[in-house]
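Dropping entry_34.csv in here (CSV, C-alpha atoms and all ligand atoms):
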chain,number,residue,atom,x,y,z
A,28,TRP,CA,0.6,21.0,8.5
A,29,GLY,CA,2.3,22.6,11.5
A,30,ALA,CA,4.0,20.6,14.2
A,31,THR,CA,0.8,19.7,16.0
A,32,GLY,CA,-0.8,18.2,12.9
A,33,HIS,CA,2.2,16.1,12.0
A,34,GLN,CA,2.7,14.9,15.6
A,35,VAL,CA,-0.9,13.8,15.9
A,36,ILE,CA,-0.8,11.9,12.6
A,37,GLY,CA,2.4,10.2,13.8
A,38,VAL,CA,0.7,9.1,17.0
A,39,LEU,CA,-2.4,7.8,15.2
A,40,ALA,CA,-0.3,5.9,12.7
A,41,GLU,CA,1.8,4.3,15.4
A,42,LYS,CA,-1.3,2.8,17.0
A,43,GLN,CA,-2.3,1.1,13.7
A,44,LEU,CA,1.0,-0.6,12.9
A,45,GLY,CA,1.1,-4.3,12.4
A,46,ASP,CA,3.6,-6.4,14.3
A,47,LYS,CA,6.2,-6.6,11.5
A,48,ALA,CA,6.1,-3.0,10.7
A,49,ARG,CA,6.2,-2.0,14.4
A,50,ILE,CA,9.3,-4.0,14.9
A,51,GLN,CA,11.1,-2.7,11.8
A,52,VAL,CA,10.1,0.9,12.5
A,53,GLN,CA,11.3,0.5,16.0
A,54,ARG,CA,14.7,-0.8,14.8
A,55,LEU,CA,15.1,2.4,12.8
A,56,LEU,CA,13.9,4.6,15.6
A,57,ASP,CA,16.4,3.0,18.0
A,58,LEU,CA,19.2,4.6,16.0
A,59,GLU,CA,18.1,7.8,17.8
A,60,PRO,CA,17.0,6.6,21.2
A,61,GLY,CA,13.8,8.0,22.6
A,62,SER,CA,12.5,9.0,19.1
A,63,THR,CA,9.0,8.1,18.0
A,64,LEU,CA,7.0,8.4,14.8
A,65,SER,CA,5.5,11.5,16.4
A,66,SER,CA,8.8,13.1,17.4
A,67,ILE,CA,10.4,12.6,14.0
A,68,SER,CA,7.4,13.7,12.0
A,69,THR,CA,8.5,17.4,12.0
A,70,TRP,CA,12.1,16.7,11.1
A,71,ALA,CA,11.5,17.5,7.4
A,72,ASP,CA,10.2,21.0,8.2
A,73,GLU,CA,13.1,21.7,10.5
A,74,HIS,CA,15.7,20.8,7.8
A,75,LYS,CA,14.4,22.5,4.7
A,76,ASN,CA,16.6,23.7,1.9
A,77,PRO,CA,15.7,25.2,-1.5
A,78,THR,CA,15.5,21.7,-3.1
A,79,THR,CA,13.7,19.8,-0.4
A,80,ALA,CA,11.2,22.7,0.2
A,81,ARG,CA,9.5,21.6,-3.0
A,82,TRP,CA,9.1,18.1,-1.8
A,83,HIS,CA,6.3,19.2,0.6
A,84,PHE,CA,3.6,20.1,-2.0
A,85,LEU,CA,2.4,20.0,-5.6
A,86,ASN,CA,0.3,22.5,-7.4
A,87,PHE,CA,-2.6,21.6,-9.8
A,88,PRO,CA,-4.0,23.9,-12.4
A,89,ARG,CA,-7.3,25.4,-11.4
A,90,THR,CA,-9.0,23.6,-14.3
A,91,SER,CA,-8.2,20.0,-13.2
A,92,CYS,CA,-7.5,17.8,-10.2
A,93,SER,CA,-6.2,15.0,-12.4
A,94,TYR,CA,-2.5,14.4,-12.0
A,95,GLY,CA,-0.3,14.3,-15.0
A,96,GLN,CA,3.4,13.8,-14.2
A,97,SER,CA,4.8,15.6,-17.2
A,98,ARG,CA,2.6,18.6,-16.5
A,99,ASP,CA,2.5,18.6,-12.7
A,100,CYS,CA,5.9,17.1,-11.5
A,101,PRO,CA,8.2,16.9,-14.5
A,102,ASP,CA,11.5,16.9,-12.5
A,103,GLY,CA,10.3,14.7,-9.7
A,104,ASN,CA,10.8,17.5,-7.2
A,105,CYS,CA,7.3,17.5,-5.8
A,106,ILE,CA,5.6,15.6,-3.0
A,107,LEU,CA,4.7,12.6,-5.2
A,108,GLY,CA,8.2,12.2,-6.5
A,109,ALA,CA,9.5,12.6,-2.9
A,110,ILE,CA,7.2,9.9,-1.6
A,111,ASP,CA,8.1,7.5,-4.4
A,112,ARG,CA,11.8,7.9,-3.6
A,113,GLN,CA,11.4,7.3,0.1
A,114,VAL,CA,9.3,4.2,-0.5
A,115,ALA,CA,11.9,2.8,-2.9
A,116,LEU,CA,14.7,3.5,-0.5
A,117,LEU,CA,12.9,1.8,2.4
A,118,LYS,CA,12.3,-1.3,0.1
A,119,SER,CA,16.0,-1.4,-0.9
A,120,GLN,CA,19.1,-2.8,0.9
A,121,ALA,CA,20.2,0.7,1.9
A,122,PRO,CA,22.0,1.2,5.3
A,123,GLN,CA,19.8,1.7,8.3
A,124,GLN,CA,20.8,5.4,8.7
A,125,ALA,CA,19.6,6.1,5.2
A,126,LYS,CA,16.4,4.2,5.9
A,127,LEU,CA,15.7,6.2,9.0
A,128,LEU,CA,16.1,9.4,7.0
A,129,ALA,CA,13.7,8.1,4.4
A,130,LEU,CA,11.2,7.2,7.2
A,131,LYS,CA,11.5,10.8,8.6
A,132,TYR,CA,10.6,12.1,5.1
A,133,LEU,CA,7.9,9.6,4.3
A,134,ILE,CA,5.9,10.1,7.5
A,135,HIS,CA,6.1,13.9,7.0
A,136,PHE,CA,5.1,13.8,3.3
A,137,ILE,CA,2.2,11.4,3.8
A,138,GLY,CA,0.9,13.9,6.4
A,139,ASP,CA,1.4,16.9,4.1
A,140,LEU,CA,-0.4,14.9,1.3
A,141,HIS,CA,-3.6,15.2,3.4
A,142,GLN,CA,-3.3,19.0,3.9
A,143,PRO,CA,-5.5,20.0,1.0
A,144,LEU,CA,-3.6,23.2,0.3
A,145,HIS,CA,-0.4,21.3,-0.2
A,146,LEU,CA,-2.2,20.1,-3.4
A,147,GLY,CA,-3.7,23.5,-4.2
A,148,TYR,CA,-3.1,26.0,-7.0
A,149,MET,CA,0.1,27.6,-8.3
A,150,ASP,CA,-1.2,31.1,-8.8
A,151,ASP,CA,-1.7,31.7,-5.0
A,152,LYS,CA,1.0,29.3,-3.9
A,153,GLY,CA,-1.4,26.8,-2.3
A,154,GLY,CA,-3.3,29.6,-0.4
A,155,ASN,CA,-0.1,31.3,0.9
A,156,LEU,CA,-1.0,34.4,-1.1
A,157,TYR,CA,-4.7,34.3,-0.2
A,158,GLN,CA,-4.9,36.8,2.7
A,159,ILE,CA,-7.6,36.5,5.3
A,160,GLN,CA,-8.7,37.9,8.5
A,161,ALA,CA,-9.5,35.3,11.2
A,162,TYR,CA,-11.0,36.8,14.3
A,163,LYS,CA,-9.4,40.2,13.7
A,164,LYS,CA,-5.9,38.8,13.1
A,165,GLY,CA,-4.3,38.8,9.6
A,166,SER,CA,-3.3,35.5,8.2
A,167,ASN,CA,-3.5,33.5,5.0
A,168,LEU,CA,-5.5,30.5,4.0
A,169,HIS,CA,-2.6,28.1,3.8
A,170,SER,CA,-1.6,29.0,7.4
A,171,LEU,CA,-5.2,28.6,8.5
A,172,TRP,CA,-5.2,25.0,7.3
A,173,ASP,CA,-1.6,24.2,8.4
A,174,SER,CA,-2.2,25.3,12.0
A,175,GLY,CA,-4.9,28.0,12.5
A,176,LEU,CA,-8.0,25.7,12.5
A,177,ILE,CA,-6.1,23.2,14.7
A,178,ARG,CA,-5.1,26.0,17.2
A,179,PHE,CA,-8.8,27.1,17.5
A,180,ILE,CA,-9.3,23.8,19.3
A,181,SER,CA,-5.9,23.2,20.9
A,182,ASP,CA,-2.2,23.2,20.2
A,183,ASP,CA,-1.8,20.2,22.4
A,184,PRO,CA,-1.2,17.0,20.4
A,185,GLN,CA,-2.6,15.0,23.3
A,186,VAL,CA,-5.9,16.8,23.1
A,187,TRP,CA,-6.1,16.2,19.4
A,188,THR,CA,-5.1,12.5,19.7
A,189,ASP,CA,-7.9,12.0,22.2
A,190,ARG,CA,-10.3,13.7,19.9
A,191,LEU,CA,-9.4,11.7,16.8
A,192,VAL,CA,-8.4,8.3,18.0
A,193,HIS,CA,-11.9,6.9,18.2
A,194,LYS,CA,-13.3,8.6,15.1
A,195,PRO,CA,-14.5,6.2,12.4
A,196,ILE,CA,-12.0,5.8,9.6
A,197,PRO,CA,-13.7,6.6,6.2
A,198,ALA,CA,-13.8,3.6,3.8
A,199,ARG,CA,-11.7,5.5,1.3
A,200,VAL,CA,-8.7,4.9,3.6
A,201,ASN,CA,-7.9,1.9,1.4
A,202,LEU,CA,-7.0,4.2,-1.5
A,203,ILE,CA,-3.4,4.7,-0.5
A,204,ASP,CA,-1.9,5.3,-3.9
A,205,PRO,CA,-0.3,8.7,-3.3
A,206,VAL,CA,-1.5,10.0,-6.8
A,207,ARG,CA,-5.1,9.3,-5.9
A,208,VAL,CA,-4.7,10.8,-2.4
A,209,ALA,CA,-3.2,14.0,-4.0
A,210,GLU,CA,-6.2,14.2,-6.4
A,211,GLU,CA,-8.6,13.7,-3.4
A,212,SER,CA,-6.9,16.6,-1.6
A,213,CYS,CA,-7.1,18.8,-4.7
A,214,ARG,CA,-10.8,18.1,-4.9
A,215,ILE,CA,-11.3,19.4,-1.4
A,216,VAL,CA,-9.6,22.7,-2.4
A,217,ALA,CA,-11.9,22.8,-5.5
A,218,THR,CA,-15.1,22.4,-3.4
A,219,PRO,CA,-17.3,25.5,-3.4
A,220,GLY,CA,-16.9,27.4,-0.2
A,221,PHE,CA,-13.3,26.1,0.5
A,222,TYR,CA,-12.0,29.6,-0.3
A,223,PRO,CA,-13.7,31.8,2.4
A,224,ASP,CA,-14.6,35.4,2.3
A,225,ARG,CA,-11.7,37.4,3.4
A,226,LYS,CA,-13.1,37.5,6.9
A,227,VAL,CA,-13.1,34.0,8.3
A,228,GLY,CA,-15.6,33.4,11.1
A,229,ALA,CA,-17.4,30.7,13.0
A,230,ALA,CA,-19.4,29.6,9.9
A,231,TYR,CA,-16.1,28.7,8.0
A,232,VAL,CA,-14.6,27.0,11.1
A,233,ASP,CA,-17.7,25.0,11.7
A,234,ARG,CA,-18.0,23.9,8.0
A,235,TRP,CA,-14.4,22.9,7.6
A,236,THR,CA,-13.0,21.7,10.9
A,237,SER,CA,-14.7,18.3,10.4
A,238,VAL,CA,-13.1,18.0,7.0
A,239,LEU,CA,-9.7,18.8,8.5
A,240,GLU,CA,-10.3,16.1,11.2
A,241,GLN,CA,-11.2,13.6,8.5
A,242,GLN,CA,-8.0,14.4,6.7
A,243,MET,CA,-5.9,13.9,9.9
A,244,VAL,CA,-7.6,10.6,10.6
A,245,LEU,CA,-7.0,9.4,7.0
A,246,ALA,CA,-3.4,10.6,7.1
A,247,GLY,CA,-2.7,8.5,10.2
A,248,ALA,CA,-4.5,5.5,8.9
A,249,ARG,CA,-3.0,5.6,5.4
A,250,LEU,CA,0.5,6.2,6.9
A,251,ALA,CA,0.1,3.0,8.9
A,252,ARG,CA,-1.2,1.1,5.9
A,253,THR,CA,1.7,2.3,3.9
A,254,LEU,CA,4.2,1.2,6.5
A,255,ASN,CA,2.4,-2.1,7.0
A,256,GLY,CA,2.7,-2.6,3.2
A,257,LEU,CA,6.5,-2.1,3.4
A,258,TRP,CA,6.8,-4.8,6.0
A,259,PRO,CA,3.9,-7.2,5.4
A,301,LIG,N1,4.6,26.2,0.1
A,301,LIG,C1,5.3,27.0,-0.6
A,301,LIG,N2,4.8,27.1,-1.8
A,301,LIG,C2,3.7,26.4,-1.9
A,301,LIG,C3,2.8,26.0,-2.9
A,301,LIG,N3,2.9,26.5,-4.1
A,301,LIG,N4,1.8,25.2,-2.6
A,301,LIG,C4,1.7,24.7,-1.4
A,301,LIG,N5,2.6,24.9,-0.4
A,301,LIG,C5,3.6,25.8,-0.6
A,302,ZN,ZN,1.9,23.9,4.8
A,303,ZN,ZN,5.9,19.9,5.3
Show me this structure written as structure tokens.
Ligand code: ADE
Ligand code: ZN
Ligand code: ZN
Amino acid sequence: WGATGHQVIGVLAEKQLGDKARIQVQRLLDLEPGSTLSSISTWADEHKNPTTARWHFLNFPRTSCSYGQSRDCPDGNCILGAIDRQVALLKSQAPQQAKLLALKYLIHFIGDLHQPLHLGYMDDKGGNLYQIQAYKKGSNLHSLWDSGLIRFISDDPQVWTDRLVHKPIPARVNLIDPVRVAEESCRIVATPGFYPDRKVGAAYVDRWTSVLEQQMVLAGARLARTLNGLWP
């Protein structure tokens, strides 16, 4: 996701924290006064290097959305490996500064785990190589899902929070195992019609914006559940 997507997911998650998690998260955020789950949610995109860039996604083969570690993430440098490491660090006795860094990564990667094209296909780099035209402007499918569909409605996180905060949370929210979430995102990419005609118009936006909204709602809720699970 772009900044708006990540920030909205952070706000939604913050509202669903239990008391223990809220206190522990706030202790970490207090290391950088004024910071919030929303404000730190974009840190990982603003501090990418060639190694960490690979922690934001994972590619499935076109033939299967079933994760196999030896096939899909053999060296651990994918979004699932990265999530596992942040969770382990947050459960450990590591210093608070290290835990804050892990929190910055974790909230970002759980967001990205719900952007379907971060669990897309290798041959087109998760839609980055799939060129489209959206309302006369050139773009690509990955960018459309990171930020284009969001921008059609608004780039203001407050507008998006108001829009999503009262939406019902789908029952599958309780599936928080990152592997299962990754497979769920891949299956969205594999749905007929997900790859549009090269010219994207209102029909595509109408069909898929509700899916995008569900993914953001699920991301916020599952992020909160994950943090609540770290501090039960
Ligand atoms: N960003 C850069 N490469 C990517 C890929 N293969 N899949 C998803 N996101 C990416
Ligand atoms: Zn992206
Ligand atoms: Zn990212």
Nearby polymer residues, ligand LIG 301 (chain A), at most 8 Å, all atoms listed in the file, as JSON, numbers by chain: {"A": [80, 81, 83, 84, 85, 86, 144, 145, 146, 147, 148, 149, 150, 151, 152, 153, 154, 155, 169]}
Contacts with ligand ZN 303 (chain A) at most 10 Å, all atoms listed in the file counted, listed as a list in words: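 Here is the list of contacting residues: Trp28, Gly29, Ala30, His33, Ser68, Thr69, Trp70, Ala71, Asp72, Glu73, Lys75, Thr79, Ala80, Arg81, Trp82, His83, Phe84, Ile106, Tyr132, His135, Phe136, Ile137, Gly138, Asp139, Leu140, Gln142, His145 and Asp173 of chain A.
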Could the residues in this selection be written to a file with C-alpha atoms, as a PDB file, in the coordinates of the input?
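Below you can see result-v8.pdb, which holds the result:
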ATOM      1  CA  TRP A  28       0.600  21.000   8.500  1.00  0.00           C
ATOM      2  CA  GLY A  29       2.300  22.600  11.500  1.00  0.00           C
ATOM      3  CA  ALA A  30       4.000  20.600  14.200  1.00  0.00           C
ATOM      4  CA  HIS A  33       2.200  16.100  12.000  1.00  0.00           C
ATOM      5  CA  SER A  68       7.400  13.700  12.000  1.00  0.00           C
ATOM      6  CA  THR A  69       8.500  17.400  12.000  1.00  0.00           C
ATOM      7  CA  TRP A  70      12.100  16.700  11.100  1.00  0.00           C
ATOM      8  CA  ALA A  71      11.500  17.500   7.400  1.00  0.00           C
ATOM      9  CA  ASP A  72      10.200  21.000   8.200  1.00  0.00           C
ATOM     10  CA  GLU A  73      13.100  21.700  10.500  1.00  0.00           C
ATOM     11  CA  LYS A  75      14.400  22.500   4.700  1.00  0.00           C
ATOM     12  CA  THR A  79      13.700  19.800  -0.400  1.00  0.00           C
ATOM     13  CA  ALA A  80      11.200  22.700   0.200  1.00  0.00           C
ATOM     14  CA  ARG A  81       9.500  21.600  -3.000  1.00  0.00           C
ATOM     15  CA  TRP A  82       9.100  18.100  -1.800  1.00  0.00           C
ATOM     16  CA  HIS A  83       6.300  19.200   0.600  1.00  0.00           C
ATOM     17  CA  PHE A  84       3.600  20.100  -2.000  1.00  0.00           C
ATOM     18  CA  ILE A 106       5.600  15.600  -3.000  1.00  0.00           C
ATOM     19  CA  TYR A 132      10.600  12.100   5.100  1.00  0.00           C
ATOM     20  CA  HIS A 135       6.100  13.900   7.000  1.00  0.00           C
ATOM     21  CA  PHE A 136       5.100  13.800   3.300  1.00  0.00           C
ATOM     22  CA  ILE A 137       2.200  11.400   3.800  1.00  0.00           C
ATOM     23  CA  GLY A 138       0.900  13.900   6.400  1.00  0.00           C
ATOM     24  CA  ASP A 139       1.400  16.900   4.100  1.00  0.00           C
ATOM     25  CA  LEU A 140      -0.400  14.900   1.300  1.00  0.00           C
ATOM     26  CA  GLN A 142      -3.300  19.000   3.900  1.00  0.00           C
ATOM     27  CA  HIS A 145      -0.400  21.300  -0.200  1.00  0.00           C
ATOM     28  CA  ASP A 173      -1.600  24.200   8.400  1.00  0.00           C
TER      29      ASP A 173
END
Exercise: segment 116-125 of chain A partners within 9 Å, all atoms listed in the file, chain neighbours under 4 positions left out, as a list in words: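 So the residues in contact are Arg54, Leu55, Leu58, Asp111, Arg112, Ala129, Leu130, Leu257 and Trp258 of chain A.
Pairwise distance (atom CA of Lys42 of chain A, atom CA of Trp187 of chain A) equals 14.4 Å.
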Computed interatomic separation between atom CA of Arg252 of chain A and atom CA of Leu239 of chain A (Å): 19.8 Å
Residue nearest Ile196 of chain A - candidates A:Glu211, A:Asp99, A:Asp182, A:Glu240, atoms counted: all atoms listed in the file: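 Nearest to Ile196 of chain A: A:Glu240.
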Between atom CA of Gly247 of chain A and atom CA of Ser65 of chain A - distance in Å to one decimal: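 We find that atom CA of Ser65 of chain A and atom CA of Gly247 of chain A lie 10.7 Å from each other.
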Close residues, Gln160 of chain A itself excluded, 7 Å, all atoms listed in the file, min 3 positions apart in chain, as a list in words: Lys163, Lys164, Gly165, Ser166, Arg225, Lys226 and Val227 of chain A
Restricting it to C-alpha atoms, dump the selection as a CSV table (one decimal), keeping the file's coordinate frame.
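Saved to result.csv:
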chain,number,residue,atom,x,y,z
A,163,LYS,CA,-9.4,40.2,13.7
A,164,LYS,CA,-5.9,38.8,13.1
A,165,GLY,CA,-4.3,38.8,9.6
A,166,SER,CA,-3.3,35.5,8.2
A,225,ARG,CA,-11.7,37.4,3.4
A,226,LYS,CA,-13.1,37.5,6.9
A,227,VAL,CA,-13.1,34.0,8.3
Minimum-distance residue to ligand ZN 302 (chain A), chosen among A:Ile67, A:Ile215, A:Val208, A:Leu168 (using all atoms listed in the file):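 Going through A:Ile67, A:Ile215, A:Val208, A:Leu168 one by one, the smallest distance to ligand ZN 302 (chain A) is for A:Leu168.
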Polymer residues at most 9 Å from Val244 of chain A, only C-alpha atoms, same-chain spacing of 3 or more positions, as a list in words: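 Listed by chain and then number, they are Ile36, Leu39, Ala40, Leu191, Val192, Lys194, Pro195, Ile196, Pro197, Leu239, Glu240, Gln241, Gly247, Ala248 and Arg249 of chain A.
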Among the residues A:Gly108, A:Gln51, A:Trp235, A:Ala161, the one that comes closest to Pro219 of chain A [using only C-alpha atoms]: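 So, comparing all the options, the nearest one is A:Trp235.
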Which residue of A:Leu107, A:Ile180, A:Leu133, A:Ala230 approaches Gly37 of chain A most closely, using all atoms listed in the file: A:Leu133
Best match for closeness to Arg214 of chain A among A:Tyr94, A:His74, A:Gln113, A:Pro143, counting all atoms listed in the file: A:Pro143
